[in-house]
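Working notes, beginning with the structure itself.
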Amino acid sequence: MPARRAWSIRPRNTGNKPGARCTHESLLEAGQFIEVIEKRQGLKVACPEEVAWRQKWISDVQLAKLAEPLAKSQYGQYLQNLLKHGVQG
């Protein structure tokens, strides 16, 4: 008996909920929500470098190397500040 797939391909522009649509307005609202969370908490949402560093999957040196080319951006500065002020996992 062939294995059943636990996933399915959804039509384009379908969100997580059946019938949900991804619109310009919903994308704007999502962006504003993330911005508010980041400002209030002082943390980045969905920062894979931070997750890897806190889980000790990468070292301080590796995080610094990842942050270096991004140093002129807020994201790169955030990564550099993790090394200065953050407490690893």
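Identifiers for the structure tokens are assigned positionally: chains receive A, B, ... in sequence, residues are indexed from 1 per chain, and ligands are indexed from 1 in the order shown.
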
For Pro69 (chain A): contacts at 12 Å, only C-alpha atoms, fewer than 6 positions along chain excluded, given as a short mmCIF file (atom, residue, chain, number, x, y, z; two decimals) with N, CA and C atoms, in the first residue's frame:
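Listing of around.cif after writing:
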```cif
data_model
loop_
_atom_site.label_atom_id
_atom_site.label_comp_id
_atom_site.auth_asym_id
_atom_site.auth_seq_id
_atom_site.Cartn_x
_atom_site.Cartn_y
_atom_site.Cartn_z
N LEU A 63 28.81 33.83 14.27
CA LEU A 63 27.79 34.88 14.26
C LEU A 63 28.40 36.21 13.83
N TYR A 75 19.57 45.21 10.80
CA TYR A 75 19.61 43.77 11.05
C TYR A 75 21.03 43.34 11.46
N GLY A 76 22.01 43.80 10.69
CA GLY A 76 23.40 43.49 11.01
C GLY A 76 23.82 44.06 12.36
N GLN A 77 23.37 45.26 12.67
CA GLN A 77 23.67 45.87 13.97
C GLN A 77 23.01 45.09 15.09
N LEU A 79 22.47 41.85 15.06
CA LEU A 79 23.29 40.65 15.25
C LEU A 79 24.57 40.97 16.02
N GLN A 80 25.20 42.09 15.70
CA GLN A 80 26.42 42.49 16.41
C GLN A 80 26.12 42.79 17.88
#
```

- Give me the residues within 12 Å of Gln62 (chain A) as a list in words, counting only C-alpha atoms and dropping any in the same chain fewer than 6 places off.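 The residues that qualify are Glu49, Glu50, Ala52, Trp53, Lys56, Glu68, Leu79, Gln80 and Leu83 of chain A.
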
- One-decimal distance in Å that lies between CA of Tyr78 (chain A) and CA of Lys44 (chain A):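 One can read the CA of Lys44 (chain A) to CA of Tyr78 (chain A) distance as 8.1 Å.
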